[in-house]
file work25.cif (mmCIF, C-alpha atoms)
data_final
#
loop_
_atom_site.group_PDB
_atom_site.id
_atom_site.type_symbol
_atom_site.label_atom_id
_atom_site.label_comp_id
_atom_site.auth_asym_id
_atom_site.auth_seq_id
_atom_site.Cartn_x
_atom_site.Cartn_y
_atom_site.Cartn_z
ATOM 1 C CA MET K 25 -6.443 -4.125 -18.189
ATOM 2 C CA GLN K 26 -8.234 -1.050 -19.510
ATOM 3 C CA SER K 27 -7.778 2.162 -17.542
ATOM 4 C CA GLN K 28 -8.322 5.880 -18.045
ATOM 5 C CA THR K 29 -4.749 6.541 -16.895
ATOM 6 C CA LYS K 30 -3.261 4.661 -19.844
ATOM 7 C CA ARG K 31 -1.759 6.734 -22.647
ATOM 8 C CA ARG K 32 -1.491 5.083 -26.053
ATOM 9 C CA LEU K 33 0.658 6.166 -28.988
ATOM 10 C CA SER K 34 0.653 5.133 -32.630
ATOM 11 C CA PRO K 35 3.762 3.257 -33.825
ATOM 12 C CA ALA K 36 4.971 6.413 -35.580
ATOM 13 C CA ASP K 37 4.446 8.613 -32.517
ATOM 14 C CA LEU K 38 6.168 6.115 -30.223
ATOM 15 C CA ASP K 39 9.126 5.902 -32.598
ATOM 16 C CA ALA K 40 9.348 9.704 -32.725
ATOM 17 C CA LEU K 41 9.230 9.942 -28.921
ATOM 18 C CA LEU K 42 12.056 7.440 -28.559
ATOM 19 C CA ARG K 43 14.194 9.185 -31.160
ATOM 20 C CA SER K 44 13.736 12.663 -29.698
ATOM 21 C CA SER K 45 14.350 11.579 -26.100
ATOM 22 C CA ALA K 46 16.464 8.428 -25.981
ATOM 23 C CA GLY K 47 18.255 8.998 -29.264
ATOM 24 C CA ILE K 48 17.191 5.688 -30.818
ATOM 25 C CA GLY K 49 14.044 4.651 -32.635
ATOM 26 C CA GLY K 50 12.015 1.521 -32.183
ATOM 27 C CA ARG K 51 9.142 -0.469 -33.600
ATOM 28 C CA PRO K 52 6.391 -1.576 -31.195
ATOM 29 C CA GLU K 53 5.763 -5.321 -31.375
ATOM 30 C CA ALA K 54 2.983 -5.629 -28.789
ATOM 31 C CA GLU K 55 1.181 -3.745 -26.042
ATOM 32 C CA LEU K 56 1.538 -5.415 -22.644
ATOM 33 C CA THR K 57 -1.936 -5.224 -21.173
ATOM 34 C CA ASP K 58 -1.640 -6.754 -17.689
ATOM 35 C CA GLY K 59 -0.899 -3.476 -15.891
ATOM 36 C CA CYS K 60 -3.577 -0.965 -14.914
ATOM 37 C CA TYR K 61 -1.683 2.340 -14.631
ATOM 38 C CA ASN K 62 1.049 2.900 -17.229
ATOM 39 C CA THR K 63 0.953 1.852 -20.859
ATOM 40 C CA ALA K 64 3.692 -0.653 -21.705
ATOM 41 C CA TYR K 65 4.980 -1.737 -25.098
ATOM 42 C CA ARG K 66 7.462 -4.374 -26.135
ATOM 43 C CA VAL K 67 9.582 -2.726 -28.822
ATOM 44 C CA LEU K 68 12.400 -3.717 -31.131
ATOM 45 C CA LEU K 69 14.996 -0.965 -31.119
ATOM 46 C CA ASP K 70 16.767 0.099 -34.299
ATOM 47 C CA ASP K 71 19.970 -1.616 -33.146
ATOM 48 C CA GLY K 72 18.161 -4.953 -32.796
ATOM 49 C CA ARG K 73 17.711 -4.980 -29.032
ATOM 50 C CA PRO K 74 14.290 -5.850 -27.605
ATOM 51 C CA ALA K 75 13.097 -3.511 -24.860
ATOM 52 C CA ILE K 76 10.074 -2.531 -22.787
ATOM 53 C CA VAL K 77 8.806 1.063 -22.893
ATOM 54 C CA LYS K 78 6.465 2.317 -20.148
ATOM 55 C CA LEU K 79 4.549 5.540 -20.756
ATOM 56 C CA ALA K 80 3.392 7.659 -17.832
ATOM 57 C CA PRO K 81 -0.141 9.107 -17.904
ATOM 58 C CA LEU K 82 -0.420 12.559 -19.430
ATOM 59 C CA PRO K 83 0.066 15.390 -16.894
ATOM 60 C CA GLU K 84 -3.581 16.423 -17.080
ATOM 61 C CA VAL K 85 -4.879 12.933 -16.237
ATOM 62 C CA PRO K 86 -5.996 12.758 -12.593
ATOM 63 C CA VAL K 87 -4.132 10.214 -10.472
ATOM 64 C CA LEU K 88 -3.995 9.302 -6.810
ATOM 65 C CA ARG K 89 -1.773 11.408 -4.595
ATOM 66 C CA TYR K 90 0.762 8.639 -3.976
ATOM 67 C CA GLU K 91 1.013 8.112 -7.754
ATOM 68 C CA ARG K 92 2.472 11.564 -8.378
ATOM 69 C CA GLY K 93 6.019 11.130 -9.632
ATOM 70 C CA ILE K 94 6.062 7.335 -9.403
ATOM 71 C CA MET K 95 7.748 6.849 -12.775
ATOM 72 C CA ALA K 96 10.766 8.688 -11.375
ATOM 73 C CA THR K 97 10.523 6.435 -8.324
ATOM 74 C CA GLU K 98 10.733 3.333 -10.502
ATOM 75 C CA ALA K 99 13.782 4.672 -12.327
ATOM 76 C CA MET K 100 15.408 5.530 -8.990
ATOM 77 C CA VAL K 101 14.871 1.982 -7.738
ATOM 78 C CA TYR K 102 16.474 0.482 -10.844
ATOM 79 C CA ARG K 103 19.483 2.748 -10.325
ATOM 80 C CA ARG K 104 19.763 1.813 -6.643
ATOM 81 C CA ILE K 105 19.501 -1.903 -7.442
ATOM 82 C CA ALA K 106 22.364 -1.476 -9.906
ATOM 83 C CA GLU K 107 24.536 -0.388 -6.944
ATOM 84 C CA LEU K 108 24.115 -3.792 -5.294
ATOM 85 C CA PRO K 109 26.441 -6.727 -6.033
ATOM 86 C CA ASP K 110 25.679 -8.348 -9.359
ATOM 87 C CA GLY K 111 22.747 -10.743 -9.164
ATOM 88 C CA HIS K 112 21.636 -9.758 -5.663
ATOM 89 C CA VAL K 113 18.339 -8.406 -6.987
ATOM 90 C CA PRO K 114 17.859 -9.611 -10.580
ATOM 91 C CA GLY K 115 15.874 -7.482 -12.969
ATOM 92 C CA PRO K 116 15.964 -5.560 -16.232
ATOM 93 C CA GLU K 117 18.565 -2.936 -17.032
ATOM 94 C CA LEU K 118 17.355 0.659 -17.067
ATOM 95 C CA LEU K 119 18.101 1.969 -20.559
ATOM 96 C CA TYR K 120 16.481 5.417 -20.369
ATOM 97 C CA ALA K 121 14.186 7.384 -18.093
ATOM 98 C CA ASP K 122 12.578 10.806 -17.905
ATOM 99 C CA ASP K 123 9.267 12.182 -16.631
ATOM 100 C CA GLU K 124 7.395 10.921 -19.698
ATOM 101 C CA PHE K 125 8.602 7.347 -20.089
ATOM 102 C CA LEU K 126 11.212 4.806 -19.112
ATOM 103 C CA MET K 127 12.793 2.027 -21.125
ATOM 104 C CA VAL K 128 14.251 -1.209 -19.756
ATOM 105 C CA SER K 129 15.805 -4.303 -21.256
ATOM 106 C CA LEU K 130 13.719 -7.402 -21.905
ATOM 107 C CA LEU K 131 13.863 -9.910 -19.051
ATOM 108 C CA GLU K 132 14.587 -13.590 -19.415
ATOM 109 C CA GLY K 133 11.831 -15.802 -18.062
ATOM 110 C CA THR K 134 8.068 -15.522 -17.662
ATOM 111 C CA PRO K 135 5.818 -13.739 -15.148
ATOM 112 C CA TRP K 136 5.194 -16.216 -12.329
ATOM 113 C CA ASP K 137 1.414 -15.928 -12.564
ATOM 114 C CA LYS K 138 1.519 -17.171 -16.171
ATOM 115 C CA VAL K 139 3.309 -20.426 -15.274
ATOM 116 C CA ALA K 140 2.274 -21.035 -11.653
ATOM 117 C CA ALA K 141 -0.092 -23.861 -12.572
ATOM 118 C CA THR K 142 2.683 -25.729 -14.409
ATOM 119 C CA LEU K 143 5.238 -25.638 -11.578
ATOM 120 C CA SER K 144 5.757 -28.648 -9.350
ATOM 121 C CA PRO K 145 5.421 -28.231 -5.573
ATOM 122 C CA ALA K 146 9.201 -28.631 -5.274
ATOM 123 C CA ALA K 147 9.868 -25.935 -7.889
ATOM 124 C CA THR K 148 7.379 -23.600 -6.237
ATOM 125 C CA SER K 149 9.047 -24.119 -2.858
ATOM 126 C CA THR K 150 12.477 -23.400 -4.342
ATOM 127 C CA LEU K 151 11.259 -20.248 -6.060
ATOM 128 C CA ARG K 152 9.444 -18.960 -2.969
ATOM 129 C CA ARG K 153 12.590 -19.428 -0.923
ATOM 130 C CA GLU K 154 14.668 -17.590 -3.511
ATOM 131 C CA LEU K 155 12.094 -14.807 -3.759
ATOM 132 C CA GLY K 156 12.353 -14.340 -0.003
ATOM 133 C CA ALA K 157 16.125 -13.979 -0.298
ATOM 134 C CA VAL K 158 15.865 -11.532 -3.204
ATOM 135 C CA THR K 159 13.354 -9.457 -1.255
ATOM 136 C CA ALA K 160 15.629 -9.347 1.783
ATOM 137 C CA ARG K 161 18.478 -8.044 -0.355
ATOM 138 C CA LEU K 162 16.217 -5.420 -1.940
ATOM 139 C CA ASN K 163 15.223 -4.277 1.539
ATOM 140 C CA THR K 164 18.859 -3.495 2.420
ATOM 141 C CA LEU K 165 18.569 -0.271 0.389
ATOM 142 C CA THR K 166 18.012 2.740 2.648
ATOM 143 C CA ALA K 167 16.681 6.261 2.091
ATOM 144 C CA PRO K 168 19.488 8.703 1.263
ATOM 145 C CA ASP K 169 17.888 11.512 3.264
ATOM 146 C CA GLY K 170 16.662 9.383 6.169
ATOM 147 C CA ARG K 171 12.996 10.166 5.513
ATOM 148 C CA PHE K 172 10.153 7.661 5.466
ATOM 149 C CA GLY K 173 7.344 7.477 2.913
ATOM 150 C CA TYR K 174 7.158 8.004 -0.834
ATOM 151 C CA PRO K 175 10.333 9.250 -2.567
ATOM 152 C CA ALA K 176 8.611 11.685 -4.950
ATOM 153 C CA ALA K 177 8.487 15.119 -3.351
ATOM 154 C CA GLU K 178 5.363 16.069 -5.308
ATOM 155 C CA SER K 179 3.284 13.522 -3.408
ATOM 156 C CA GLY K 180 4.021 15.188 -0.077
ATOM 157 C CA LEU K 181 3.616 11.773 1.564
ATOM 158 C CA SER K 182 6.702 11.459 3.741
ATOM 159 C CA GLY K 183 7.852 12.150 7.269
ATOM 160 C CA PRO K 184 10.786 12.062 9.661
ATOM 161 C CA ASP K 185 9.562 8.845 11.312
ATOM 162 C CA TRP K 186 7.496 5.861 10.204
ATOM 163 C CA ARG K 187 4.402 6.624 12.308
ATOM 164 C CA THR K 188 4.191 10.121 10.813
ATOM 165 C CA ALA K 189 4.844 8.965 7.251
ATOM 166 C CA PHE K 190 2.416 6.060 7.362
ATOM 167 C CA THR K 191 -0.280 8.253 8.864
ATOM 168 C CA VAL K 192 0.014 10.813 6.055
ATOM 169 C CA MET K 193 0.117 7.983 3.474
ATOM 170 C CA VAL K 194 -3.220 6.713 4.785
ATOM 171 C CA GLU K 195 -4.590 10.256 4.951
ATOM 172 C CA GLY K 196 -3.648 10.797 1.308
ATOM 173 C CA LEU K 197 -5.744 7.792 0.305
ATOM 174 C CA LEU K 198 -8.668 8.899 2.466
ATOM 175 C CA GLU K 199 -8.587 12.294 0.759
ATOM 176 C CA ASP K 200 -8.523 10.540 -2.621
ATOM 177 C CA ALA K 201 -11.445 8.368 -1.498
ATOM 178 C CA GLU K 202 -13.502 11.478 -0.780
ATOM 179 C CA ARG K 203 -12.534 12.984 -4.122
ATOM 180 C CA TRP K 204 -13.548 9.887 -6.053
ATOM 181 C CA ASN K 205 -16.537 9.008 -3.875
ATOM 182 C CA SER K 206 -15.013 5.601 -3.155
ATOM 183 C CA ARG K 207 -17.113 3.021 -1.346
ATOM 184 C CA LEU K 208 -15.076 2.294 1.756
ATOM 185 C CA SER K 209 -16.095 -0.537 4.052
ATOM 186 C CA GLU K 210 -15.566 1.706 7.082
ATOM 187 C CA GLU K 211 -15.918 5.378 7.921
ATOM 188 C CA PRO K 212 -12.715 7.399 7.313
ATOM 189 C CA ASP K 213 -12.570 8.522 10.950
ATOM 190 C CA THR K 214 -12.716 4.903 12.081
ATOM 191 C CA ILE K 215 -9.787 4.075 9.803
ATOM 192 C CA ARG K 216 -7.862 7.052 11.203
ATOM 193 C CA LYS K 217 -8.550 5.795 14.722
ATOM 194 C CA LEU K 218 -7.352 2.279 13.888
ATOM 195 C CA VAL K 219 -4.106 3.661 12.453
ATOM 196 C CA ALA K 220 -3.560 5.884 15.491
ATOM 197 C CA GLU K 221 -4.073 2.926 17.831
ATOM 198 C CA GLY K 222 -1.322 1.070 15.989
ATOM 199 C CA GLY K 223 1.167 3.895 16.457
ATOM 200 C CA TYR K 224 3.062 2.008 19.174
ATOM 201 C CA ALA K 225 3.806 -0.787 16.669
ATOM 202 C CA LEU K 226 4.796 1.623 13.890
ATOM 203 C CA ASP K 227 7.260 3.296 16.262
ATOM 204 C CA GLU K 228 9.313 0.074 16.331
ATOM 205 C CA VAL K 229 10.457 0.837 12.762
ATOM 206 C CA THR K 230 13.432 3.176 13.024
ATOM 207 C CA GLU K 231 15.227 2.888 9.658
ATOM 208 C CA PRO K 232 13.619 3.695 6.284
ATOM 209 C CA ARG K 233 14.208 0.680 4.031
ATOM 210 C CA LEU K 234 13.136 0.306 0.418
ATOM 211 C CA VAL K 235 9.808 -1.546 0.193
ATOM 212 C CA HIS K 236 8.580 -2.716 -3.230
ATOM 213 C CA PHE K 237 5.016 -3.317 -1.950
ATOM 214 C CA ASP K 238 3.805 -4.929 -5.188
ATOM 215 C CA LEU K 239 5.488 -8.330 -5.259
ATOM 216 C CA TRP K 240 2.497 -10.281 -6.485
ATOM 217 C CA PRO K 241 3.403 -13.103 -8.935
ATOM 218 C CA GLY K 242 2.809 -10.939 -12.014
ATOM 219 C CA ASN K 243 5.758 -8.735 -11.053
ATOM 220 C CA VAL K 244 8.158 -11.642 -10.499
ATOM 221 C CA PHE K 245 9.775 -13.325 -13.506
ATOM 222 C CA VAL K 246 10.906 -16.934 -13.187
ATOM 223 C CA ASN K 247 12.382 -19.824 -15.091
ATOM 224 C CA GLY K 248 10.931 -23.224 -14.297
ATOM 225 C CA GLY K 249 12.341 -26.554 -15.384
ATOM 226 C CA ASP K 250 14.975 -28.625 -13.617
ATOM 227 C CA ARG K 251 16.674 -25.595 -12.071
ATOM 228 C CA PRO K 252 13.956 -23.080 -11.232
ATOM 229 C CA ARG K 253 15.104 -19.557 -10.426
ATOM 230 C CA VAL K 254 13.850 -16.019 -10.088
ATOM 231 C CA THR K 255 15.044 -14.043 -13.110
ATOM 232 C CA GLY K 256 13.860 -10.601 -12.098
ATOM 233 C CA LEU K 257 11.562 -8.181 -10.290
ATOM 234 C CA ILE K 258 9.697 -5.491 -12.207
ATOM 235 C CA ASP K 259 7.306 -2.575 -11.618
ATOM 236 C CA HIS K 260 8.946 -0.790 -8.693
ATOM 237 C CA GLU K 261 6.719 2.264 -9.102
ATOM 238 C CA ARG K 262 4.778 1.746 -5.840
ATOM 239 C CA ALA K 263 7.964 1.567 -3.802
ATOM 240 C CA PHE K 264 8.346 3.597 -0.615
ATOM 241 C CA TRP K 265 10.803 3.967 2.260
ATOM 242 C CA GLY K 266 9.447 2.156 5.282
ATOM 243 C CA ASP K 267 9.076 -1.158 7.045
ATOM 244 C CA PRO K 268 10.316 -4.251 5.143
ATOM 245 C CA ALA K 269 7.622 -6.298 6.903
ATOM 246 C CA ALA K 270 5.139 -4.663 4.523
ATOM 247 C CA GLU K 271 6.516 -6.841 1.698
ATOM 248 C CA LEU K 272 4.663 -9.813 3.175
ATOM 249 C CA ILE K 273 1.329 -8.264 2.185
ATOM 250 C CA SER K 274 1.849 -8.512 -1.575
ATOM 251 C CA LEU K 275 3.978 -11.648 -1.272
ATOM 252 C CA ALA K 276 0.886 -13.296 0.251
ATOM 253 C CA PHE K 277 -0.797 -13.220 -3.172
ATOM 254 C CA GLY K 278 1.696 -15.895 -4.230
ATOM 255 C CA GLY K 279 1.439 -18.204 -1.237
ATOM 256 C CA ASP K 280 2.027 -18.645 2.473
ATOM 257 C CA VAL K 281 3.967 -15.899 4.267
ATOM 258 C CA GLY K 282 3.728 -17.257 7.808
ATOM 259 C CA PRO K 283 6.708 -17.796 10.123
ATOM 260 C CA ASP K 284 7.288 -21.339 8.760
ATOM 261 C CA SER K 285 6.826 -20.458 5.076
ATOM 262 C CA ASP K 286 9.417 -20.861 2.326
ATOM 263 C CA VAL K 287 9.458 -17.152 1.559
ATOM 264 C CA VAL K 288 10.186 -16.228 5.188
ATOM 265 C CA ALA K 289 12.867 -18.928 5.411
ATOM 266 C CA GLY K 290 14.600 -17.489 2.353
ATOM 267 C CA TYR K 291 14.283 -13.968 3.728
ATOM 268 C CA LEU K 292 15.924 -14.929 7.025
ATOM 269 C CA GLU K 293 18.660 -16.984 5.336
ATOM 270 C CA ALA K 294 19.619 -13.904 3.307
ATOM 271 C CA GLY K 295 20.076 -11.849 6.485
ATOM 272 C CA GLY K 296 16.664 -10.216 6.748
ATOM 273 C CA ALA K 297 14.789 -9.881 10.035
ATOM 274 C CA LEU K 298 11.123 -10.823 10.480
ATOM 275 C CA ASP K 299 10.079 -11.282 14.092
ATOM 276 C CA PHE K 300 6.414 -12.286 14.391
ATOM 277 C CA THR K 301 5.685 -10.516 17.662
ATOM 278 C CA PRO K 302 2.228 -9.079 18.493
ATOM 279 C CA ALA K 303 3.425 -5.612 17.437
ATOM 280 C CA PHE K 304 4.808 -7.039 14.176
ATOM 281 C CA ARG K 305 1.468 -8.707 13.426
ATOM 282 C CA HIS K 306 -0.332 -5.450 14.231
ATOM 283 C CA ARG K 307 1.830 -3.667 11.663
ATOM 284 C CA LEU K 308 1.091 -6.351 9.079
ATOM 285 C CA ALA K 309 -2.621 -5.811 9.605
ATOM 286 C CA LEU K 310 -2.181 -2.057 9.114
ATOM 287 C CA TYR K 311 -0.251 -2.635 5.892
ATOM 288 C CA GLN K 312 -2.988 -4.921 4.603
ATOM 289 C CA LEU K 313 -5.465 -2.159 5.423
ATOM 290 C CA TYR K 314 -3.314 0.296 3.481
ATOM 291 C CA LEU K 315 -3.177 -1.951 0.425
ATOM 292 C CA GLY K 316 -6.922 -2.467 0.707
ATOM 293 C CA LEU K 317 -7.425 1.289 0.553
ATOM 294 C CA ILE K 318 -5.226 1.509 -2.549
ATOM 295 C CA LEU K 319 -7.142 -1.257 -4.300
ATOM 296 C CA VAL K 320 -10.541 0.304 -3.595
ATOM 297 C CA VAL K 321 -9.665 3.951 -4.184
ATOM 298 C CA GLU K 322 -7.704 3.417 -7.403
ATOM 299 C CA ASP K 323 -10.885 2.154 -9.067
ATOM 300 C CA GLY K 324 -11.940 5.823 -9.221
ATOM 301 C CA PRO K 325 -9.321 7.346 -11.522
ATOM 302 C CA ARG K 326 -9.032 4.060 -13.439
ATOM 303 C CA ALA K 327 -12.835 4.103 -14.104
ATOM 304 C CA THR K 328 -12.802 0.347 -13.544
ATOM 305 C CA ASP K 329 -15.858 -1.376 -15.015
ATOM 306 C CA ASP K 330 -14.953 -4.911 -13.891
ATOM 307 C CA THR K 331 -17.678 -5.570 -11.330
ATOM 308 C CA GLU K 332 -16.010 -8.733 -10.018
ATOM 309 C CA HIS K 333 -12.766 -6.851 -9.398
ATOM 310 C CA VAL K 334 -14.594 -3.999 -7.672
ATOM 311 C CA ALA K 335 -16.408 -6.489 -5.436
ATOM 312 C CA TRP K 336 -13.158 -8.286 -4.586
ATOM 313 C CA THR K 337 -11.357 -5.068 -3.626
ATOM 314 C CA GLY K 338 -14.232 -4.128 -1.321
ATOM 315 C CA GLU K 339 -14.092 -7.520 0.373
ATOM 316 C CA TYR K 340 -10.312 -7.310 0.732
ATOM 317 C CA LEU K 341 -10.546 -3.933 2.463
ATOM 318 C CA ALA K 342 -13.357 -5.109 4.759
ATOM 319 C CA GLU K 343 -11.322 -8.151 5.817
ATOM 320 C CA ALA K 344 -8.285 -5.949 6.458
ATOM 321 C CA VAL K 345 -10.281 -3.556 8.629
ATOM 322 C CA ALA K 346 -11.647 -6.486 10.629
ATOM 323 C CA ARG K 347 -8.147 -7.858 11.120
ATOM 324 C CA VAL K 348 -6.801 -4.540 12.442
ATOM 325 C CA ARG K 349 -9.766 -4.131 14.738
ATOM 326 C CA ALA K 350 -9.256 -7.660 16.148
ATOM 327 C CA LEU K 351 -5.609 -6.887 16.937
ATOM 328 C CA GLY K 352 -6.207 -3.451 18.402
#
call {"tool": "encode", "arguments": {"input": "work25.cif", "output": "structure tokens"}}
result
Amino acid sequence: MQSQTKRRLSPADLDALLRSSAGIGGRPEAELTDGCYNTAYRVLLDDGRPAIVKLAPLPEVPVLRYERGIMATEAMVYRRIAELPDGHVPGPELLYADDEFLMVSLLEGTPWDKVAATLSPAATSTLRRELGAVTARLNTLTAPDGRFGYPAAESGLSGPDWRTAFTVMVEGLLEDAERWNSRLSEEPDTIRKLVAEGGYALDEVTEPRLVHFDLWPGNVFVNGGDRPRVTGLIDHERAFWGDPAAELISLAFGGDVGPDSDVVAGYLEAGGALDFTPAFRHRLALYQLYLGLILVVEDGPRATDDTEHVAWTGEYLAEAVARVRALG
């Protein structure tokens, strides 16, 4: 996907960057174009290893407030995952990271969205169940300082409790919406009121857990065949410390996430807790509203010219607002 936040380098410049920072050169083999924020290249390193290099936008490129410092967030998540027992949360190995770029090993498997149509119902069910278990294990990671919200200090989007953090996270997007003249489906003050009315439900979350918040099928690698399995999760840059229930919002892009779904069954079998009470459902609606805001507002700095995508994001946000209002 084309985006104004993407930074592209010539093969020679990319090789020079790798040599000066990571101490090893590499030859780009292809640009990976599915993402809409960072620039990603598949490279062949001088020692023969394949790797993925993700370049952060240049410092002068305007980004959303929650996006400040998110490359460091992704690197942090890879390091925290490495602390877990081997195989608990499969994914690439972090090879190098700084403020400018990170480099990870090449994953086995294929992004789920590329092979979804070829998977049998049985394979899909198996993979959804396993994805639920992997997500539950990822959500066992807790904030080292006990704070909720985004890890990067430069965003300023955190707080001592989940209600406070989530409120400032929403406020950050509303400020970005004003800056970029985003077409919201509801007045900002109405959105603020809806979030405030859900405060009682947010207060039920008392421990800041790691939330990926972008587990759509494109960020989940799988192997199909006779023994389907999840081979890895990628793109942890949107991660925050908060309520694990929020994972269900992006997981819904891959299928059912209701109480009787495969993904919830796998989550519970792995020791996670998802209790579909009225307050829980109210929180889910708020998290869908939050993702809807992200999807609409990010069209500004990306300068998105895909009219179908812009229309879809507007509809998604409008549906989310209606859902919160119905539960309030």
call {"tool": "closest_atom_pairs", "arguments": {"input": "work25.cif", "of": "segment 95-119 of chain K", "to": "segment 171-195 of chain K", "cutoff": "12 Å", "atoms": "only C-alpha atoms", "output": "JSON lines"}}
result
{"residue": "K:Met95", "atom": "CA", "partner": "K:Ala176", "partner_atom": "CA", "distance": 9.2}
{"residue": "K:Ala96", "atom": "CA", "partner": "K:Ala176", "partner_atom": "CA", "distance": 7.4}
{"residue": "K:Thr97", "atom": "CA", "partner": "K:Pro175", "partner_atom": "CA", "distance": 6.4}
{"residue": "K:Glu98", "atom": "CA", "partner": "K:Pro175", "partner_atom": "CA", "distance": 9.9}
{"residue": "K:Ala99", "atom": "CA", "partner": "K:Pro175", "partner_atom": "CA", "distance": 11.3}
{"residue": "K:Met100", "atom": "CA", "partner": "K:Pro175", "partner_atom": "CA", "distance": 9.0}
{"residue": "K:Val101", "atom": "CA", "partner": "K:Pro175", "partner_atom": "CA", "distance": 10.0}
call {"tool": "atom_distance", "arguments": {"input": "work25.cif", "atom1": "atom CA of Pro145 of chain K", "atom2": "atom CA of Asp250 of chain K"}}
result
12.5 Å
call {"tool": "residues_near_point", "arguments": {"input": "work25.cif", "point": "(25.4, 0.2, -3.8)", "cutoff": "12 Å", "atoms": "only C-alpha atoms", "output": "tab-separated table (two decimals) with C-alpha atoms, in the coordinates of the input"}}
result
chain	number	residue	atom	x	y	z
K	101	VAL	CA	14.87	1.98	-7.74
K	102	TYR	CA	16.47	0.48	-10.84
K	103	ARG	CA	19.48	2.75	-10.32
K	104	ARG	CA	19.76	1.81	-6.64
K	105	ILE	CA	19.50	-1.90	-7.44
K	106	ALA	CA	22.36	-1.48	-9.91
K	107	GLU	CA	24.54	-0.39	-6.94
K	108	LEU	CA	24.12	-3.79	-5.29
K	109	PRO	CA	26.44	-6.73	-6.03
K	110	ASP	CA	25.68	-8.35	-9.36
K	112	HIS	CA	21.64	-9.76	-5.66
K	113	VAL	CA	18.34	-8.41	-6.99
K	161	ARG	CA	18.48	-8.04	-0.36
K	162	LEU	CA	16.22	-5.42	-1.94
K	164	THR	CA	18.86	-3.50	2.42
K	165	LEU	CA	18.57	-0.27	0.39
K	166	THR	CA	18.01	2.74	2.65
K	168	PRO	CA	19.49	8.70	1.26
call {"tool": "residues_near_point", "arguments": {"input": "work25.cif", "point": "(6.5, -14.9, -12.5)", "cutoff": "12 Å", "atoms": "all atoms listed in the file", "output": "PyMOL selection string"}}
result
chain K and resi 115+131-143+148+151-152+155+239-248+252-258+275+277-278
call {"tool": "resolve_selection", "arguments": {"input": "work25.cif", "expression": "the PyMOL selection byres ((chain K and resi 288) around 10)", "output": "short mmCIF file (atom, residue, chain, number, x, y, z; two decimals) with C-alpha atoms, keeping the file's coordinate frame"}}
result
data_model
loop_
_atom_site.label_atom_id
_atom_site.label_comp_id
_atom_site.auth_asym_id
_atom_site.auth_seq_id
_atom_site.Cartn_x
_atom_site.Cartn_y
_atom_site.Cartn_z
CA ARG K 152 9.44 -18.96 -2.97
CA ARG K 153 12.59 -19.43 -0.92
CA GLU K 154 14.67 -17.59 -3.51
CA LEU K 155 12.09 -14.81 -3.76
CA GLY K 156 12.35 -14.34 0.00
CA ALA K 157 16.12 -13.98 -0.30
CA THR K 159 13.35 -9.46 -1.25
CA ALA K 160 15.63 -9.35 1.78
CA LEU K 272 4.66 -9.81 3.18
CA ASP K 280 2.03 -18.64 2.47
CA VAL K 281 3.97 -15.90 4.27
CA GLY K 282 3.73 -17.26 7.81
CA PRO K 283 6.71 -17.80 10.12
CA ASP K 284 7.29 -21.34 8.76
CA SER K 285 6.83 -20.46 5.08
CA ASP K 286 9.42 -20.86 2.33
CA VAL K 287 9.46 -17.15 1.56
CA ALA K 289 12.87 -18.93 5.41
CA GLY K 290 14.60 -17.49 2.35
CA TYR K 291 14.28 -13.97 3.73
CA LEU K 292 15.92 -14.93 7.02
CA GLU K 293 18.66 -16.98 5.34
CA ALA K 294 19.62 -13.90 3.31
CA GLY K 296 16.66 -10.22 6.75
CA ALA K 297 14.79 -9.88 10.04
CA LEU K 298 11.12 -10.82 10.48
#
call {"tool": "closest_residue", "arguments": {"input": "work25.cif", "among": "K:Glu55, K:Asp238, K:Asp39, K:Glu210", "to": "Leu69 of chain K", "atoms": "only C-alpha atoms"}}
result
K:Asp39
call {"tool": "resolve_selection", "arguments": {"input": "work25.cif", "expression": "the PyMOL selection byres ((chain K and resi 304) around 10)", "output": "ChimeraX atom specification"}}
result
/K:225-226,228-229,269-270,298-303,305-310
call {"tool": "residues_around", "arguments": {"input": "work25.cif", "residues": "segment 330-345 of chain K", "least_positions_apart": "4", "cutoff": "8 Å", "atoms": "all atoms listed in the file", "output": "NGL selection string"}}
result
:K and (207-210 or 215 or 309-310 or 312-313 or 315-317 or 319-320 or 323 or 349)
call {"tool": "atom_distance", "arguments": {"input": "work25.cif", "atom1": "atom CA of Ile76 of chain K", "atom2": "atom CA of Ser274 of chain K"}}
result
23.5 Å
call {"tool": "axis_aligned_box", "arguments": {"input": "work25.cif", "around": "segment 60-68 of chain K", "padding_each_side": "8 Å", "output": "AutoDock Vina command-line options"}}
result
--center_x 4.4 --center_y -0.7 --center_z -22.9 --size_x 32.0 --size_y 23.3 --size_z 32.5
call {"tool": "closest_residue", "arguments": {"input": "work25.cif", "among": "K:Val87, K:Ala121, K:Val235, K:Ala75", "to": "Val321 of chain K", "atoms": "all atoms listed in the file"}}
result
K:Val87
call {"tool": "residues_around", "arguments": {"input": "work25.cif", "residues": "Phe125 of chain K", "least_positions_apart": "2", "cutoff": "10 Å", "atoms": "all atoms listed in the file", "output": "list in words"}}
result
Leu41, Leu42, Ser45, Ala46, Asn62, Thr63, Ala64, Val77, Lys78, Leu79, Ala80, Pro81, Met95, Ala96, Ala99, Tyr120, Ala121, Asp122, Asp123 and Met127 of chain K
call {"tool": "atom_distance", "arguments": {"input": "work25.cif", "atom1": "atom CA of Asn205 of chain K", "atom2": "atom CA of Gly324 of chain K"}}
result
7.7 Å
call {"tool": "closest_residue", "arguments": {"input": "work25.cif", "among": "K:Ser206, K:Ser149, K:Asn163, K:Ser44", "to": "Arg326 of chain K", "atoms": "all atoms listed in the file"}}
result
K:Ser206
call {"tool": "resolve_selection", "arguments": {"input": "work25.cif", "expression": "the PyMOL selection byres ((chain K and resi 218) around 10)", "output": "number ranges by chain"}}
result
K: 212-217, 219-223, 310, 313, 345, 348-349, 351-352
